[in-house]
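Here's start17.txt, which has compact mmCIF, C-alpha atoms:
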```
# COMPACT_ATOMS: atom_id res chain seq x y z
CA MET M 166 46.15 215.10 5.21
CA ARG M 167 49.38 216.41 3.76
CA LEU M 168 48.31 216.93 0.13
CA ILE M 169 44.75 218.18 0.56
CA GLU M 170 43.71 220.68 -2.15
CA ARG M 171 46.68 219.63 -4.31
CA VAL M 172 46.39 218.34 -7.88
CA ALA M 173 48.82 215.57 -8.77
CA ILE M 174 49.59 213.95 -12.13
CA VAL M 175 50.80 210.35 -11.94
CA THR M 176 52.23 208.91 -15.15
CA GLY M 177 52.71 205.17 -15.49
CA ALA M 178 49.66 204.82 -13.26
CA THR M 179 48.75 201.37 -14.56
CA GLY M 180 51.92 199.78 -13.12
CA ASP M 181 52.16 198.31 -9.63
CA ILE M 182 54.24 201.21 -8.29
CA GLY M 183 52.22 203.87 -10.13
CA SER M 184 48.92 202.52 -8.81
CA ALA M 185 50.33 202.36 -5.27
CA VAL M 186 51.44 205.98 -5.60
CA ALA M 187 47.94 206.93 -6.76
CA ARG M 188 46.37 205.31 -3.70
CA GLN M 189 48.85 206.96 -1.34
CA LEU M 190 48.42 210.43 -2.80
CA ALA M 191 44.64 210.07 -2.65
CA ALA M 192 44.91 208.99 0.99
CA GLU M 193 46.90 212.19 1.59
CA GLY M 194 44.05 214.22 0.08
CA ALA M 195 45.30 214.97 -3.45
CA ASP M 196 43.09 215.16 -6.52
CA LEU M 197 44.58 212.97 -9.23
CA VAL M 198 45.24 212.79 -12.95
CA LEU M 199 46.14 209.18 -13.73
CA VAL M 200 47.92 208.67 -17.04
CA GLY M 201 48.60 205.45 -18.94
CA ARG M 202 48.06 203.67 -22.25
CA ARG M 203 45.39 201.14 -21.17
CA ARG M 204 41.99 202.66 -20.48
CA GLU M 205 40.46 199.59 -18.83
CA ARG M 206 43.40 199.24 -16.45
CA LEU M 207 43.37 202.99 -15.71
CA GLU M 208 39.74 202.78 -14.65
CA GLU M 209 40.55 199.82 -12.38
CA VAL M 210 43.38 201.78 -10.76
CA ALA M 211 41.10 204.81 -10.30
CA GLU M 212 38.54 202.89 -8.22
CA ALA M 213 40.51 202.88 -4.95
CA PRO M 214 41.52 206.58 -5.03
CA ARG M 215 37.94 207.60 -5.93
CA SER M 216 36.60 205.65 -2.97
CA LEU M 217 38.69 207.89 -0.70
CA GLY M 218 36.95 211.04 -1.91
CA PRO M 219 39.34 213.02 -4.16
CA ARG M 220 38.54 213.91 -7.74
CA VAL M 221 40.21 211.46 -10.14
CA LEU M 222 40.69 212.07 -13.85
CA THR M 223 41.98 209.30 -16.12
CA VAL M 224 43.82 210.15 -19.34
CA VAL M 225 44.94 207.68 -22.00
CA ALA M 226 48.08 209.05 -23.64
CA ASP M 227 51.32 208.05 -25.32
CA LEU M 228 53.76 210.26 -23.45
CA THR M 229 56.49 209.87 -26.05
CA ILE M 230 54.33 212.05 -28.34
CA GLU M 231 54.71 215.75 -27.54
CA SER M 232 51.21 216.71 -28.64
CA GLU M 233 49.65 214.07 -26.39
CA VAL M 234 51.65 215.30 -23.39
CA ARG M 235 50.48 218.84 -24.08
CA ALA M 236 46.87 217.71 -24.39
CA MET M 237 47.10 215.71 -21.15
CA VAL M 238 48.41 218.64 -19.11
CA ALA M 239 45.94 221.04 -20.72
CA ARG M 240 43.06 218.75 -19.77
CA ALA M 241 44.34 218.47 -16.20
CA ILE M 242 44.42 222.24 -15.86
CA GLU M 243 41.08 222.72 -17.60
CA GLU M 244 39.25 220.21 -15.39
CA LEU M 245 41.13 220.47 -12.08
CA GLY M 246 42.52 224.01 -12.26
CA ARG M 247 46.28 223.55 -11.97
CA VAL M 248 49.12 221.07 -11.44
CA ASP M 249 50.81 221.10 -8.03
CA VAL M 250 52.56 217.72 -8.14
CA LEU M 251 54.01 215.62 -10.96
CA ILE M 252 55.02 211.99 -10.43
CA ASN M 253 57.01 210.66 -13.40
CA ALA M 254 56.59 206.90 -13.02
CA ALA M 255 56.21 205.98 -16.71
CA ALA M 256 59.05 203.86 -18.09
CA SER M 257 59.83 201.41 -20.90
CA PRO M 258 62.43 198.89 -19.67
CA GLY M 259 62.64 197.17 -23.04
CA ALA M 260 63.73 193.62 -23.75
CA GLU M 261 66.89 192.11 -22.33
CA VAL M 262 69.48 192.27 -25.09
CA THR M 263 73.22 192.84 -25.17
CA LEU M 264 74.48 196.03 -26.76
CA ALA M 265 76.15 194.07 -29.57
CA ASN M 266 72.74 192.75 -30.60
CA MET M 267 70.69 195.87 -29.90
CA SER M 268 68.91 197.70 -32.71
CA LEU M 269 68.65 201.46 -32.76
CA GLU M 270 64.87 201.06 -32.60
CA THR M 271 65.12 199.09 -29.34
CA TRP M 272 67.57 201.60 -27.86
CA GLN M 273 65.51 204.62 -28.87
CA GLY M 274 62.25 203.09 -27.70
CA THR M 275 63.57 202.72 -24.16
CA ILE M 276 65.23 206.15 -24.09
CA ASP M 277 62.03 207.79 -25.36
CA GLY M 278 59.69 205.78 -23.13
CA THR M 279 61.75 206.41 -19.99
CA LEU M 280 63.79 209.62 -20.24
CA THR M 281 62.06 211.64 -22.94
CA THR M 282 58.64 211.11 -21.35
CA THR M 283 60.05 212.46 -18.08
CA MET M 284 61.41 215.52 -19.86
CA LEU M 285 58.21 216.24 -21.80
CA CYS M 286 55.89 215.89 -18.80
CA THR M 287 58.19 217.95 -16.58
CA ARG M 288 58.59 220.74 -19.12
CA GLU M 289 54.87 220.95 -19.77
CA CYS M 290 53.87 221.03 -16.10
CA LEU M 291 56.52 223.65 -15.38
CA THR M 292 55.59 225.99 -18.21
CA LYS M 293 51.81 225.63 -17.98
CA SER M 294 51.35 225.71 -14.21
CA MET M 295 54.24 225.43 -11.74
CA LEU M 296 56.42 228.31 -12.94
CA LEU M 297 53.37 230.55 -13.24
CA ARG M 298 52.28 229.72 -9.69
CA ARG M 299 55.88 229.67 -8.35
CA SER M 300 55.26 226.43 -6.52
CA GLY M 301 55.25 222.71 -7.15
CA ALA M 302 56.85 219.37 -6.45
CA ILE M 303 58.15 216.84 -8.98
CA VAL M 304 59.15 213.30 -8.09
CA ASN M 305 60.84 211.14 -10.72
CA LEU M 306 61.15 207.37 -10.46
CA GLY M 307 64.68 206.14 -11.02
CA SER M 308 66.11 202.62 -10.86
CA THR M 309 69.08 200.79 -9.39
CA ALA M 310 69.85 199.93 -13.04
CA GLY M 311 70.69 203.61 -13.47
CA GLU M 312 73.17 203.47 -10.61
CA ASP M 313 74.96 200.16 -11.11
CA GLY M 314 74.21 199.13 -14.69
CA VAL M 315 72.60 195.81 -15.59
CA HIS M 316 73.73 193.15 -18.07
CA GLY M 317 71.46 193.15 -21.10
CA LYS M 318 69.92 196.46 -20.07
CA THR M 319 72.31 199.12 -21.37
CA HIS M 320 69.37 201.06 -22.82
CA PHE M 321 67.38 201.06 -19.56
CA SER M 322 70.46 201.68 -17.40
CA ALA M 323 71.39 204.70 -19.52
CA ALA M 324 67.82 206.04 -19.49
CA LYS M 325 67.43 205.76 -15.72
CA ALA M 326 70.87 207.24 -15.08
CA GLY M 327 69.67 210.12 -17.22
CA VAL M 328 66.56 210.50 -15.06
CA SER M 329 68.72 210.91 -11.95
CA ARG M 330 70.98 213.55 -13.50
CA PHE M 331 67.96 215.25 -15.09
CA THR M 332 66.45 215.50 -11.61
CA GLU M 333 69.50 217.30 -10.24
CA ALA M 334 69.78 219.69 -13.18
CA VAL M 335 66.11 220.70 -13.17
CA ALA M 336 66.18 221.16 -9.39
CA HIS M 337 68.88 223.81 -9.84
CA GLU M 338 66.93 225.52 -12.63
CA VAL M 339 63.62 225.84 -10.81
CA GLY M 340 64.51 225.93 -7.12
CA GLY M 341 64.43 229.73 -7.10
CA HIS M 342 60.83 229.54 -8.30
CA GLY M 343 59.67 227.55 -5.27
CA ILE M 344 59.65 224.22 -7.10
CA ARG M 345 61.30 221.08 -5.75
CA VAL M 346 62.50 218.14 -7.87
CA ASN M 347 63.58 214.80 -6.40
CA CYS M 348 64.07 211.20 -7.47
CA VAL M 349 63.07 207.95 -5.76
CA VAL M 350 65.01 204.82 -6.70
CA PRO M 351 63.18 201.57 -5.97
CA GLY M 352 65.16 198.40 -5.49
CA ALA M 353 63.76 194.89 -5.84
CA VAL M 354 60.04 195.63 -5.51
CA ALA M 355 57.38 192.94 -5.29
CA THR M 356 55.70 193.77 -8.60
CA HIS M 357 54.25 191.69 -11.42
CA ARG M 358 57.26 192.65 -13.56
CA LEU M 359 59.74 191.33 -10.98
CA GLU M 360 57.72 188.14 -10.64
CA GLN M 361 57.99 187.60 -14.40
CA TYR M 362 61.74 188.15 -14.22
CA HIS M 363 62.08 185.67 -11.36
CA ARG M 364 60.10 183.06 -13.32
CA ARG M 365 62.37 183.53 -16.34
CA MET M 366 65.42 183.09 -14.14
CA SER M 367 63.86 180.02 -12.54
CA ALA M 368 63.39 178.41 -15.94
CA ALA M 369 66.79 179.48 -17.28
CA ARG M 370 68.72 178.23 -14.25
CA GLY M 371 66.59 175.18 -13.52
CA LEU M 372 65.94 176.33 -9.96
CA ASP M 373 62.73 176.51 -7.96
CA TYR M 374 60.94 179.87 -8.24
CA ASP M 375 60.96 180.38 -4.46
CA ARG M 376 64.73 179.82 -4.44
CA ILE M 377 65.19 182.63 -6.95
CA VAL M 378 63.03 184.98 -4.88
CA GLU M 379 65.01 184.03 -1.77
CA GLU M 380 68.29 184.88 -3.52
CA THR M 381 67.00 188.33 -4.42
CA SER M 382 65.70 188.89 -0.90
CA ARG M 383 68.93 187.77 0.78
CA ALA M 384 70.86 190.34 -1.25
CA THR M 385 69.13 193.16 0.69
CA ALA M 386 69.84 194.31 4.24
CA LEU M 387 66.18 193.74 5.17
CA ARG M 388 66.27 190.25 3.64
CA ARG M 389 63.00 190.82 1.79
CA LEU M 390 61.50 192.47 -1.25
CA VAL M 391 60.32 196.06 -0.97
CA LEU M 392 56.56 196.61 -1.28
CA PRO M 393 55.08 199.05 -3.82
CA GLU M 394 53.37 200.82 -0.91
CA GLU M 395 56.77 201.52 0.66
CA VAL M 396 57.95 203.21 -2.52
CA ALA M 397 54.70 205.15 -2.66
CA ALA M 398 55.17 206.41 0.90
CA ALA M 399 58.55 207.90 -0.01
CA VAL M 400 57.09 209.51 -3.13
CA ALA M 401 54.20 211.04 -1.17
CA PHE M 402 56.58 212.41 1.45
CA LEU M 403 58.75 214.13 -1.17
CA ALA M 404 55.63 215.54 -2.84
CA SER M 405 54.41 217.05 0.43
CA GLU M 406 55.41 220.19 2.31
CA GLN M 407 56.98 217.99 4.96
CA ALA M 408 59.88 217.72 2.49
CA SER M 409 59.98 221.48 1.89
CA GLY M 410 63.76 221.64 2.37
CA ILE M 411 64.59 218.69 0.11
CA THR M 412 65.37 219.08 -3.58
CA GLY M 413 67.79 217.68 -6.13
CA GLN M 414 68.09 214.45 -4.16
CA THR M 415 67.97 210.78 -5.13
CA ILE M 416 66.54 208.62 -2.36
CA GLY M 417 66.74 204.84 -2.49
CA VAL M 418 63.91 202.59 -1.32
CA THR M 419 65.82 199.38 -1.80
CA GLY M 420 65.69 197.46 1.44
CA GLY M 421 69.40 198.19 1.86
```
Rewritten as structure tokens:
Amino acid sequence: MRLIERVAIVTGATGDIGSAVARQLAAEGADLVLVGRRRERLEEVAEAPRSLGPRVLTVVADLTIESEVRAMVARAIEELGRVDVLINAAASPGAEVTLANMSLETWQGTIDGTLTTTMLCTRECLTKSMLLRRSGAIVNLGSTAGEDGVHGKTHFSAAKAGVSRFTEAVAHEVGGHGIRVNCVVPGAVATHRLEQYHRRMSAARGLDYDRIVEETSRATALRRLVLPEEVAAAVAFLASEQASGITGQTIGVTGG
């Protein structure tokens, strides 16, 4: 197994992609720290990784609060010894709203919940473990919204674009310390969130739900939605030593 005897933090672990990443990392042998805001859901997500044998710690935290990020990383190190891998999957897409109608509170909530959380978790893992050990791998989750921009999602598009550029900048800062930093950009992934979006579009356009899903699928080269497990496989690869020569890169898992 490629990540045996590694300790990995997964933020946003209660989401469909985050939980898939947790299962994949556990299958690769990593001990896990699963982070989210909903304790009951975190415990549900932890069941599958625990069944595979690794140690799994669940931490309820609001990662927009600096003190809670510090406490989360401190607990990971205290109970599991170190942090080898950080997966920044936490994000706050926010409501769909045009910029002309967007409040500063809505804008800031998405920036903080998507970009600032990535910064805080990365900084804390670097300073408390990775830089001291001169090793580590960080994988950030981007979005196609950060590459192309999405109507009604200026806040999320800006935040995810920031995640991609943040990835490149940090990779240059820490590469000489044996630490790699990369970004995975999922496309249209078969998640609960995408299903909700498709149902809203179905109602708004007066079209059958399956027709909306088909339109999204036909827009990809593979003519289908990407699975959370396919995103997780790319994340696990970048976190492993098999990707030892890869850093500062943004890799799309979009179905083409």
With only C-alpha atoms as the counted atoms, please give the residues lying no more than 10 Å from Val221 in chain M, apart from itself and same-chain residues fewer than 5 positions off, as a VMD selection string. chain M and resid 172 to 174 187 191 195 to 199 208 211 to 212 214 to 216 245
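Using all atoms listed in the file, the protein and nucleic acid residues lying no more than 7 Å from His320 in chain M, apart from those fewer than 4 places from it along its own chain, are Trp272, Thr275, Ile276 and Ala324 of chain M.
If you measure from each of M:Glu243, M:Glu231, M:Asp249, M:Glu312 to Asp277 in chain M using all atoms listed in the file, the closest one turns out to be M:Glu231.
CA of Ala401 in chain M lies 7.9 Å from CA of Glu193 in chain M.
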As an exercise, work out the distance from CA of Gly340 in chain M to CA of Lys325 in chain M in Å and give it to one decimal place. 22.1 Å
Once you count all atoms listed in the file, which residues end up no further than 12 Å from (70.6, 208.4, -22.5) in the file's frame, shown as a PDB file with C-alpha atoms, keeping the file's coordinate frame?
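Result file out.pdb:
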```
ATOM      1  CA  TRP M 272      67.570 201.600 -27.860  1.00  0.00           C
ATOM      2  CA  GLN M 273      65.510 204.620 -28.870  1.00  0.00           C
ATOM      3  CA  GLY M 274      62.250 203.090 -27.700  1.00  0.00           C
ATOM      4  CA  THR M 275      63.570 202.720 -24.160  1.00  0.00           C
ATOM      5  CA  ILE M 276      65.230 206.150 -24.090  1.00  0.00           C
ATOM      6  CA  ASP M 277      62.030 207.790 -25.360  1.00  0.00           C
ATOM      7  CA  GLY M 278      59.690 205.780 -23.130  1.00  0.00           C
ATOM      8  CA  THR M 279      61.750 206.410 -19.990  1.00  0.00           C
ATOM      9  CA  LEU M 280      63.790 209.620 -20.240  1.00  0.00           C
ATOM     10  CA  THR M 281      62.060 211.640 -22.940  1.00  0.00           C
ATOM     11  CA  MET M 284      61.410 215.520 -19.860  1.00  0.00           C
ATOM     12  CA  GLY M 311      70.690 203.610 -13.470  1.00  0.00           C
ATOM     13  CA  THR M 319      72.310 199.120 -21.370  1.00  0.00           C
ATOM     14  CA  HIS M 320      69.370 201.060 -22.820  1.00  0.00           C
ATOM     15  CA  PHE M 321      67.380 201.060 -19.560  1.00  0.00           C
ATOM     16  CA  SER M 322      70.460 201.680 -17.400  1.00  0.00           C
ATOM     17  CA  ALA M 323      71.390 204.700 -19.520  1.00  0.00           C
ATOM     18  CA  ALA M 324      67.820 206.040 -19.490  1.00  0.00           C
ATOM     19  CA  LYS M 325      67.430 205.760 -15.720  1.00  0.00           C
ATOM     20  CA  ALA M 326      70.870 207.240 -15.080  1.00  0.00           C
ATOM     21  CA  GLY M 327      69.670 210.120 -17.220  1.00  0.00           C
ATOM     22  CA  VAL M 328      66.560 210.500 -15.060  1.00  0.00           C
ATOM     23  CA  SER M 329      68.720 210.910 -11.950  1.00  0.00           C
ATOM     24  CA  ARG M 330      70.980 213.550 -13.500  1.00  0.00           C
ATOM     25  CA  PHE M 331      67.960 215.250 -15.090  1.00  0.00           C
TER      26      PHE M 331
END
```
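Checking M:Gln189, M:Gly246, M:Ile182, M:Cys290 one by one against Val418 in chain M, counting only C-alpha atoms, you find the shortest gap at M:Ile182.
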Give the answer as one residue: which of M:Ala239, M:Leu306, M:Glu244, M:Thr419 has the shortest atom-to-atom distance to Arg389 in chain M, using all atoms listed in the file? M:Thr419
Closest of M:Cys348, M:Thr229, M:His342, M:Lys318 to Gly259 in chain M, counting only C-alpha atoms, is M:Lys318
For a quick check of understanding, using only C-alpha atoms, which of M:Ala310, M:Val378, M:Leu291, M:Val396 has the smallest distance to Val339 in chain M? M:Leu291
Would you tabulate, counting only C-alpha atoms, all residues of range 209-292 of chain M that have an atom at most 12 Å from an atom of range 355-368 of chain M, showing the closest pair of atoms and their distance in Å to one decimal, sorted by chain then ascending number, as JSON lines?
```
{"residue": "M:Ser257", "atom": "CA", "partner": "M:Arg358", "partner_atom": "CA", "distance": 11.7}
{"residue": "M:Pro258", "atom": "CA", "partner": "M:Arg358", "partner_atom": "CA", "distance": 10.1}
{"residue": "M:Gly259", "atom": "CA", "partner": "M:Arg358", "partner_atom": "CA", "distance": 11.8}
{"residue": "M:Ala260", "atom": "CA", "partner": "M:Tyr362", "partner_atom": "CA", "distance": 11.2}
{"residue": "M:Glu261", "atom": "CA", "partner": "M:Tyr362", "partner_atom": "CA", "distance": 10.4}
```
Counting only C-alpha atoms, closest pick from M:Asp181, M:Glu233, M:Ala353, M:Glu379 relative to Thr309 in chain M is M:Ala353
For Ala399 in chain M, work out the shell of residues within 9 Å, counting only C-alpha atoms and skipping chain neighbours fewer than 3 positions away, then give it as a PyMOL selection string. chain M and resi 349+394-396+402-404+416+418
Do you know which residues are at most 7 Å from range 234-237 of chain M counting all atoms listed in the file, after dropping those on the same chain fewer than 4 positions away, and could you put them as a PyMOL selection string? chain M and resi 224+228+230+241+285-286+289
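Taking CA of Leu269 in chain M and CA of Ala255 in chain M as the two end points, the separation is 20.8 Å.
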